[in-house]
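input30.cif (mmCIF, C-alpha atoms)
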```cif
data_input
#
loop_
_atom_site.label_atom_id
_atom_site.label_comp_id
_atom_site.auth_asym_id
_atom_site.auth_seq_id
_atom_site.Cartn_x
_atom_site.Cartn_y
_atom_site.Cartn_z
CA MET A 259 22.67 -19.23 -13.63
CA ASP A 260 19.96 -17.84 -15.91
CA LEU A 261 19.75 -14.18 -14.90
CA ILE A 262 16.89 -13.49 -17.30
CA LEU A 263 14.82 -16.24 -15.66
CA LEU A 264 15.58 -14.83 -12.22
CA ALA A 265 14.57 -11.34 -13.38
CA LYS A 266 11.27 -12.77 -14.61
CA ALA A 267 10.84 -14.44 -11.22
CA VAL A 268 11.29 -11.12 -9.42
CA VAL A 269 8.77 -9.36 -11.65
CA LEU A 270 6.18 -12.12 -11.30
CA GLY A 271 6.78 -12.34 -7.55
CA VAL A 272 6.14 -8.63 -7.10
CA VAL A 273 3.05 -8.81 -9.31
CA GLU A 274 1.72 -11.74 -7.28
CA GLY A 275 2.30 -10.05 -3.94
CA LEU A 276 0.73 -6.76 -4.97
CA THR A 277 -2.37 -8.33 -6.54
CA GLU A 278 -3.15 -11.43 -4.46
CA PHE A 279 -5.32 -9.68 -1.87
CA LEU A 280 -6.72 -6.88 -4.01
CA PRO A 281 -9.95 -7.46 -5.98
CA ILE A 282 -8.09 -7.30 -9.30
CA SER A 283 -7.05 -10.97 -9.78
CA SER A 284 -3.50 -12.07 -9.13
CA THR A 285 -3.95 -15.09 -11.43
CA GLY A 286 -5.15 -12.83 -14.23
CA HIS A 287 -2.18 -10.52 -13.83
CA LEU A 288 0.26 -13.44 -13.67
CA ILE A 289 -1.21 -14.93 -16.86
CA LEU A 290 -0.90 -11.62 -18.71
CA VAL A 291 2.58 -10.75 -17.41
CA GLY A 292 3.75 -14.34 -17.85
CA ASP A 293 2.55 -14.20 -21.45
CA LEU A 294 4.46 -10.97 -22.07
CA LEU A 295 7.58 -12.47 -20.48
CA ASN A 296 7.18 -15.72 -22.42
CA PHE A 297 7.00 -17.66 -19.17
CA ASN A 298 3.61 -19.27 -19.63
CA ASP A 299 4.44 -22.93 -20.22
CA GLU A 300 3.65 -25.71 -17.75
CA ARG A 301 6.62 -24.78 -15.55
CA GLY A 302 5.53 -21.15 -15.61
CA LYS A 303 2.02 -22.08 -14.51
CA ALA A 304 3.41 -24.22 -11.67
CA PHE A 305 5.70 -21.35 -10.68
CA GLU A 306 2.76 -18.95 -10.48
CA VAL A 307 0.87 -21.23 -8.11
CA ILE A 308 3.85 -21.97 -5.87
CA ILE A 309 4.92 -18.35 -5.33
CA GLN A 310 1.39 -17.56 -4.18
CA PHE A 311 2.30 -19.28 -0.94
CA GLY A 312 4.86 -16.53 -0.34
CA ALA A 313 1.94 -14.09 -0.25
CA ILE A 314 0.09 -16.39 2.13
CA LEU A 315 3.02 -16.41 4.54
CA ALA A 316 2.79 -12.62 4.59
CA VAL A 317 -0.80 -12.96 5.84
CA CYS A 318 0.26 -15.53 8.41
CA TRP A 319 2.89 -13.15 9.72
CA GLU A 320 0.58 -10.12 9.77
CA PHE A 321 -2.13 -12.05 11.66
CA ARG A 322 0.23 -14.28 13.66
CA GLU A 323 -1.32 -13.29 17.00
CA LYS A 324 -4.82 -14.18 15.83
CA LEU A 325 -3.69 -17.46 14.28
CA TRP A 326 -1.71 -18.42 17.38
CA LYS A 327 -4.65 -17.62 19.62
CA VAL A 328 -6.96 -19.80 17.52
CA ALA A 329 -4.50 -22.67 17.41
CA SER A 330 -3.67 -22.54 21.12
CA THR A 331 -7.28 -22.26 22.31
CA ALA A 332 -8.98 -24.57 19.81
CA ARG A 333 -9.59 -27.22 22.48
CA THR A 334 -11.06 -24.83 25.01
CA SER A 335 -12.68 -22.01 23.02
CA ALA A 336 -15.92 -22.42 21.08
CA ILE A 337 -15.10 -19.23 19.17
CA SER A 338 -11.76 -20.63 17.99
CA ARG A 339 -13.34 -23.92 16.96
CA ARG A 340 -16.05 -22.10 15.01
CA PHE A 341 -13.40 -19.98 13.28
CA ILE A 342 -11.58 -23.13 12.14
CA LEU A 343 -14.85 -24.75 11.08
CA ASN A 344 -15.79 -21.66 9.08
CA LEU A 345 -12.50 -21.77 7.18
CA LEU A 346 -13.01 -25.44 6.38
CA ILE A 347 -16.59 -24.90 5.22
CA ALA A 348 -15.65 -21.91 3.06
CA SER A 349 -12.70 -23.78 1.51
CA ILE A 350 -14.50 -26.93 0.40
CA PRO A 351 -16.64 -25.66 -2.54
CA ALA A 352 -13.83 -24.02 -4.54
CA MET A 353 -11.26 -26.72 -3.74
CA GLY A 354 -13.71 -29.43 -4.76
CA LEU A 355 -14.58 -27.77 -8.06
CA ALA A 356 -10.91 -27.04 -8.76
CA PHE A 357 -10.07 -30.72 -8.25
CA ILE A 358 -12.82 -31.80 -10.66
CA PHE A 359 -12.62 -29.10 -13.34
CA GLY A 360 -9.17 -27.57 -12.79
CA LYS A 361 -7.46 -29.08 -15.84
CA HIS A 362 -10.31 -28.15 -18.16
CA ILE A 363 -10.43 -24.59 -16.84
CA LYS A 364 -6.69 -24.16 -17.32
CA ALA A 365 -6.89 -25.49 -20.87
CA VAL A 366 -9.75 -23.22 -21.92
CA LEU A 367 -9.68 -20.05 -19.82
CA PHE A 368 -6.03 -19.50 -18.84
CA ALA A 369 -5.42 -17.08 -21.71
CA PRO A 370 -5.26 -13.27 -22.01
CA ILE A 371 -8.59 -12.69 -23.81
CA PRO A 372 -10.78 -14.63 -21.32
CA VAL A 373 -8.88 -12.94 -18.47
CA ALA A 374 -9.47 -9.46 -19.88
CA SER A 375 -13.17 -10.22 -20.35
CA ALA A 376 -13.42 -11.45 -16.74
CA PHE A 377 -11.71 -8.24 -15.60
CA ILE A 378 -14.50 -6.16 -17.09
CA VAL A 379 -17.37 -8.36 -15.89
CA GLY A 380 -15.86 -8.41 -12.39
CA ALA A 381 -15.72 -4.61 -12.38
CA LEU A 382 -19.45 -4.38 -13.06
CA ILE A 383 -20.12 -6.73 -10.14
CA ILE A 384 -17.99 -4.55 -7.86
CA PHE A 385 -20.04 -1.49 -8.84
CA TRP A 386 -23.22 -3.42 -8.01
CA ALA A 387 -21.86 -4.70 -4.68
CA GLU A 388 -20.67 -1.27 -3.57
CA ARG A 389 -24.01 0.30 -4.44
CA ARG A 390 -25.78 -2.39 -2.44
CA GLN A 391 -23.36 -1.96 0.48
CA THR A 392 -24.18 1.75 0.59
CA LYS A 393 -27.89 1.01 0.73
CA LEU A 394 -27.36 -1.48 3.56
CA ALA A 395 -25.24 1.02 5.49
CA ASN A 396 -28.00 3.60 5.20
CA SER A 397 -30.76 1.19 6.21
CA VAL A 398 -32.24 1.16 9.71
CA GLY A 399 -31.14 -2.38 10.54
CA LYS A 400 -27.59 -2.97 11.76
CA SER A 401 -25.47 -5.98 10.95
CA TYR A 402 -24.84 -8.45 13.76
CA ILE A 403 -21.39 -9.08 12.30
CA HIS A 404 -18.60 -6.87 13.61
CA SER A 405 -15.59 -9.21 13.23
CA VAL A 406 -14.66 -12.55 11.65
CA ASP A 407 -15.49 -14.21 14.99
CA ASP A 408 -19.15 -13.28 14.49
CA LEU A 409 -19.50 -15.26 11.26
CA THR A 410 -21.74 -18.32 11.35
CA PRO A 411 -21.11 -21.52 9.37
CA LEU A 412 -23.87 -20.41 6.99
CA ASP A 413 -22.07 -17.10 6.40
CA ALA A 414 -18.89 -19.06 5.70
CA LEU A 415 -20.68 -21.35 3.25
CA LYS A 416 -22.04 -18.36 1.35
CA VAL A 417 -18.58 -16.85 1.05
CA GLY A 418 -17.20 -20.24 0.02
CA LEU A 419 -19.76 -20.53 -2.76
CA ALA A 420 -18.91 -17.02 -3.93
CA GLN A 421 -15.24 -17.99 -4.01
CA CYS A 422 -16.04 -20.60 -6.67
CA ALA A 423 -16.32 -17.76 -9.19
CA ALA A 424 -12.57 -17.25 -8.75
CA LEU A 425 -11.93 -20.47 -10.68
CA ILE A 426 -12.44 -18.27 -13.74
CA PRO A 427 -9.08 -16.50 -14.15
CA GLY A 428 -9.42 -12.74 -14.05
CA THR A 429 -12.26 -12.89 -11.55
CA SER A 430 -10.00 -12.65 -8.47
CA ARG A 431 -10.14 -15.00 -5.48
CA SER A 432 -9.98 -12.13 -3.03
CA GLY A 433 -12.48 -10.18 -5.11
CA ALA A 434 -14.92 -13.09 -5.22
CA THR A 435 -14.76 -13.64 -1.47
CA ILE A 436 -14.83 -9.95 -0.50
CA ILE A 437 -17.49 -8.84 -2.97
CA GLY A 438 -19.44 -12.06 -2.47
CA GLY A 439 -19.38 -11.51 1.28
CA MET A 440 -20.56 -7.93 0.83
CA LEU A 441 -23.44 -9.07 -1.39
CA PHE A 442 -24.43 -11.50 1.36
CA GLY A 443 -24.51 -8.66 3.87
CA LEU A 444 -21.03 -8.72 5.44
CA PRO A 445 -19.36 -5.40 6.27
CA ARG A 446 -16.54 -4.56 3.86
CA ALA A 447 -13.80 -4.77 6.52
CA VAL A 448 -15.01 -8.16 7.83
CA ALA A 449 -15.31 -9.62 4.32
CA THR A 450 -11.78 -8.43 3.55
CA GLU A 451 -10.27 -9.89 6.72
CA PHE A 452 -12.04 -13.23 6.23
CA SER A 453 -10.68 -13.28 2.67
CA PHE A 454 -7.15 -13.01 4.11
CA PHE A 455 -7.67 -16.02 6.35
CA LEU A 456 -9.50 -18.05 3.72
CA ALA A 457 -6.53 -17.72 1.39
CA ILE A 458 -4.40 -19.80 3.77
CA PRO A 459 -6.09 -23.22 3.28
CA VAL A 460 -7.14 -22.61 -0.34
CA ILE A 461 -3.83 -21.41 -1.74
CA GLY A 462 -1.88 -23.62 0.66
CA GLY A 463 -3.68 -26.64 -0.79
CA ALA A 464 -3.07 -25.51 -4.37
CA THR A 465 0.62 -24.97 -3.64
CA ALA A 466 0.97 -28.41 -2.05
CA TYR A 467 -0.69 -29.97 -5.11
CA GLU A 468 1.71 -28.25 -7.53
CA LEU A 469 4.73 -29.22 -5.43
CA LEU A 470 3.54 -32.83 -5.45
CA LYS A 471 3.31 -32.78 -9.25
CA LEU A 472 6.82 -31.33 -9.51
CA TRP A 473 8.11 -33.93 -7.06
CA LYS A 474 6.71 -36.68 -9.30
CA ASN A 475 8.41 -35.07 -12.30
CA PRO A 476 11.85 -34.07 -10.95
CA VAL A 477 13.19 -33.57 -14.48
CA SER A 478 11.45 -30.17 -14.53
CA LEU A 479 13.23 -29.10 -11.33
CA SER A 480 16.41 -27.70 -12.86
CA GLY A 481 18.72 -25.66 -10.67
CA ASP A 482 17.74 -22.39 -12.35
CA PHE A 483 14.04 -23.14 -11.95
CA VAL A 484 14.44 -23.90 -8.25
CA TRP A 485 16.27 -20.61 -7.75
CA ALA A 486 13.54 -18.83 -9.70
CA ILE A 487 10.93 -20.26 -7.32
CA VAL A 488 12.95 -19.13 -4.30
CA ILE A 489 13.44 -15.60 -5.66
CA GLY A 490 9.80 -15.30 -6.74
CA PHE A 491 8.66 -16.62 -3.37
CA ILE A 492 10.65 -13.97 -1.49
CA ALA A 493 9.49 -11.18 -3.80
CA ALA A 494 5.87 -12.28 -3.35
CA PHE A 495 6.23 -12.34 0.45
CA ILE A 496 7.70 -8.84 0.71
CA SER A 497 5.29 -7.18 -1.72
CA ALA A 498 2.27 -8.98 -0.23
CA PHE A 499 3.23 -7.93 3.29
CA ILE A 500 3.29 -4.29 2.18
CA CYS A 501 0.00 -4.67 0.32
CA VAL A 502 -1.84 -6.39 3.20
CA ARG A 503 -0.83 -3.66 5.64
CA TRP A 504 -2.00 -1.01 3.19
CA LEU A 505 -5.30 -2.75 2.40
CA ILE A 506 -6.23 -3.13 6.07
CA HIS A 507 -6.02 0.64 6.50
CA TYR A 508 -7.63 1.34 3.12
CA VAL A 509 -10.87 -0.61 3.71
CA ALA A 510 -11.40 1.22 7.00
CA GLY A 511 -12.50 4.30 5.13
CA HIS A 512 -12.69 3.59 1.40
CA ASN A 513 -14.65 1.46 -1.06
CA PHE A 514 -13.52 -0.73 -3.97
CA ILE A 515 -14.79 1.52 -6.78
CA PRO A 516 -11.25 2.57 -7.84
CA PHE A 517 -10.35 -1.11 -8.34
CA ALA A 518 -13.43 -1.57 -10.52
CA TRP A 519 -12.31 1.28 -12.78
CA TYR A 520 -8.80 -0.18 -12.87
CA ARG A 521 -10.21 -3.55 -13.96
CA ILE A 522 -12.20 -1.93 -16.77
CA VAL A 523 -9.30 0.14 -18.07
CA PHE A 524 -6.86 -2.76 -17.87
CA GLY A 525 -9.29 -5.22 -19.46
CA VAL A 526 -10.16 -2.86 -22.30
CA LEU A 527 -6.47 -2.16 -23.00
CA VAL A 528 -5.73 -5.87 -23.25
CA LEU A 529 -8.68 -6.46 -25.60
CA LEU A 530 -7.75 -3.46 -27.77
CA SER A 531 -4.12 -4.54 -27.95
CA ALA A 532 -5.22 -8.02 -28.96
CA TYR A 533 -7.74 -7.07 -31.65
CA SER A 534 -5.53 -4.32 -33.07
CA GLY A 535 -2.60 -6.70 -33.33
CA LEU A 536 -0.41 -4.48 -31.16
CA VAL A 537 0.36 -7.42 -28.86
CA ALA A 538 0.43 -11.03 -30.06
CA TRP A 539 -1.26 -12.57 -27.02
CA SER A 540 -1.35 -16.35 -26.81
CA HIS A 541 -4.63 -18.20 -27.21
#
```
Once you've parsed the file, please lay out its structure as structure tokens.
Amino acid sequence: MDLILLAKAVVLGVVEGLTEFLPISSTGHLILVGDLLNFNDERGKAFEVIIQFGAILAVCWEFREKLWKVASTARTSAISRRFILNLLIASIPAMGLAFIFGKHIKAVLFAPIPVASAFIVGALIIFWAERRQTKLANSVGKSYIHSVDDLTPLDALKVGLAQCAALIPGTSRSGATIIGGMLFGLPRAVATEFSFFLAIPVIGGATAYELLKLWKNPVSLSGDFVWAIVIGFIAAFISAFICVRWLIHYVAGHNFIPFAWYRIVFGVLVLLSAYSGLVAWSH
């Protein structure tokens, strides 16, 4: 058994779980850490997608009562049916674009320098969104949206279109949906919770696609690689569960400005290390 590979799996699993639902880009972090660990080949990229489902299971467990209620009342409750419809509507734009342009995006943008640049640009958008959210909170009018059940299909479509920005690695899927929702007038807590639920079909679909590709190419499924996926999956689940619980409490009374500063500092450090030659990032 390759212990070094398993150690890499643990590190990447923890990174995935801690960053998946924060507006700091889990894909960007996985690309950077995978590059440092020299685990950025085709198997490494497949690994990164598959372990994301471990983080999704953490969301399913945290919101199991809500998900069960929706599933069990879908035939009798208009609210449950609208919730399901909203998830489908919000999922389609990004999944469609990923299917069409996914290979090209991976070939061109899945590298440290584009990721670091997206980190910085995304930070500026967070500053803008938070400033706008403050103005909305201080305005006379009150939002009609108090929970994810209040979202309309049009609200879901807007969030789904915003999520398309996450196809650029370093942007952050959760960041695109949360900040996009805020820019469209959703309260921070509602946008964050909807981002949790929206991750289920989007990342679930991406994971299924990667598993299908591996199934068609069983040569790549060595015993060590399978164990690495299992270990990374478990690490992602545990760390994501902790992060989701923390984020739910955090958004109740805080904004995302600290994450914007983190993105800037991290992005600048990567760019400086690249242009100074301190780190030989891949291209």
Residue contacts of A:Phe452 (10 Å, all atoms listed in the file) excluding same-chain residues fewer than 4 positions away, as a PyMOL selection string: chain A and resi 341+344-345+348+405-407+409+414+417+432+435-436+439+447-448+456-457
One-decimal distance in Å that lies between atom CA of A:Gly433 and atom CA of A:Trp504: 16.2 Å
Picked residues, the PyMOL selection byres ((chain A and resi 378-388) around 7), expected as a list in words: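 Applying the PyMOL selection byres ((chain A and resi 378-388) around 7) to the structure shown produces Ala374, Ser375, Ala376, Phe377, Arg389, Arg390, Gln391, Thr392, Thr429, Ile437, Met440, Leu441, Ile515, Ala518, Trp519, Arg521, Ile522 and Gly525 of chain A.
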Selection under test: the PyMOL selection byres ((chain A and resi 314) around 8); residues as a PyMOL selection string: chain A and resi 310-313+315-318+457-458+461-462+495
Selection as a PyMOL selection string: residues within 12 Å of (5.6, -17.9, -2.7), counting all atoms listed in the file: chain A and resi 267-268+270-275+278+304-317+461-462+464-466+469+486-499
Could you dump the residues just selected with C-alpha atoms as a tab-separated table (two decimals), keeping the file's coordinate frame?
```tsv
chain	number	residue	atom	x	y	z
A	267	ALA	CA	10.84	-14.44	-11.22
A	268	VAL	CA	11.29	-11.12	-9.42
A	270	LEU	CA	6.18	-12.12	-11.30
A	271	GLY	CA	6.78	-12.34	-7.55
A	272	VAL	CA	6.14	-8.63	-7.10
A	273	VAL	CA	3.05	-8.81	-9.31
A	274	GLU	CA	1.72	-11.74	-7.28
A	275	GLY	CA	2.30	-10.05	-3.94
A	278	GLU	CA	-3.15	-11.43	-4.46
A	304	ALA	CA	3.41	-24.22	-11.67
A	305	PHE	CA	5.70	-21.35	-10.68
A	306	GLU	CA	2.76	-18.95	-10.48
A	307	VAL	CA	0.87	-21.23	-8.11
A	308	ILE	CA	3.85	-21.97	-5.87
A	309	ILE	CA	4.92	-18.35	-5.33
A	310	GLN	CA	1.39	-17.56	-4.18
A	311	PHE	CA	2.30	-19.28	-0.94
A	312	GLY	CA	4.86	-16.53	-0.34
A	313	ALA	CA	1.94	-14.09	-0.25
A	314	ILE	CA	0.09	-16.39	2.13
A	315	LEU	CA	3.02	-16.41	4.54
A	316	ALA	CA	2.79	-12.62	4.59
A	317	VAL	CA	-0.80	-12.96	5.84
A	461	ILE	CA	-3.83	-21.41	-1.74
A	462	GLY	CA	-1.88	-23.62	0.66
A	464	ALA	CA	-3.07	-25.51	-4.37
A	465	THR	CA	0.62	-24.97	-3.64
A	466	ALA	CA	0.97	-28.41	-2.05
A	469	LEU	CA	4.73	-29.22	-5.43
A	486	ALA	CA	13.54	-18.83	-9.70
A	487	ILE	CA	10.93	-20.26	-7.32
A	488	VAL	CA	12.95	-19.13	-4.30
A	489	ILE	CA	13.44	-15.60	-5.66
A	490	GLY	CA	9.80	-15.30	-6.74
A	491	PHE	CA	8.66	-16.62	-3.37
A	492	ILE	CA	10.65	-13.97	-1.49
A	493	ALA	CA	9.49	-11.18	-3.80
A	494	ALA	CA	5.87	-12.28	-3.35
A	495	PHE	CA	6.23	-12.34	0.45
A	496	ILE	CA	7.70	-8.84	0.71
A	497	SER	CA	5.29	-7.18	-1.72
A	498	ALA	CA	2.27	-8.98	-0.23
A	499	PHE	CA	3.23	-7.93	3.29
```
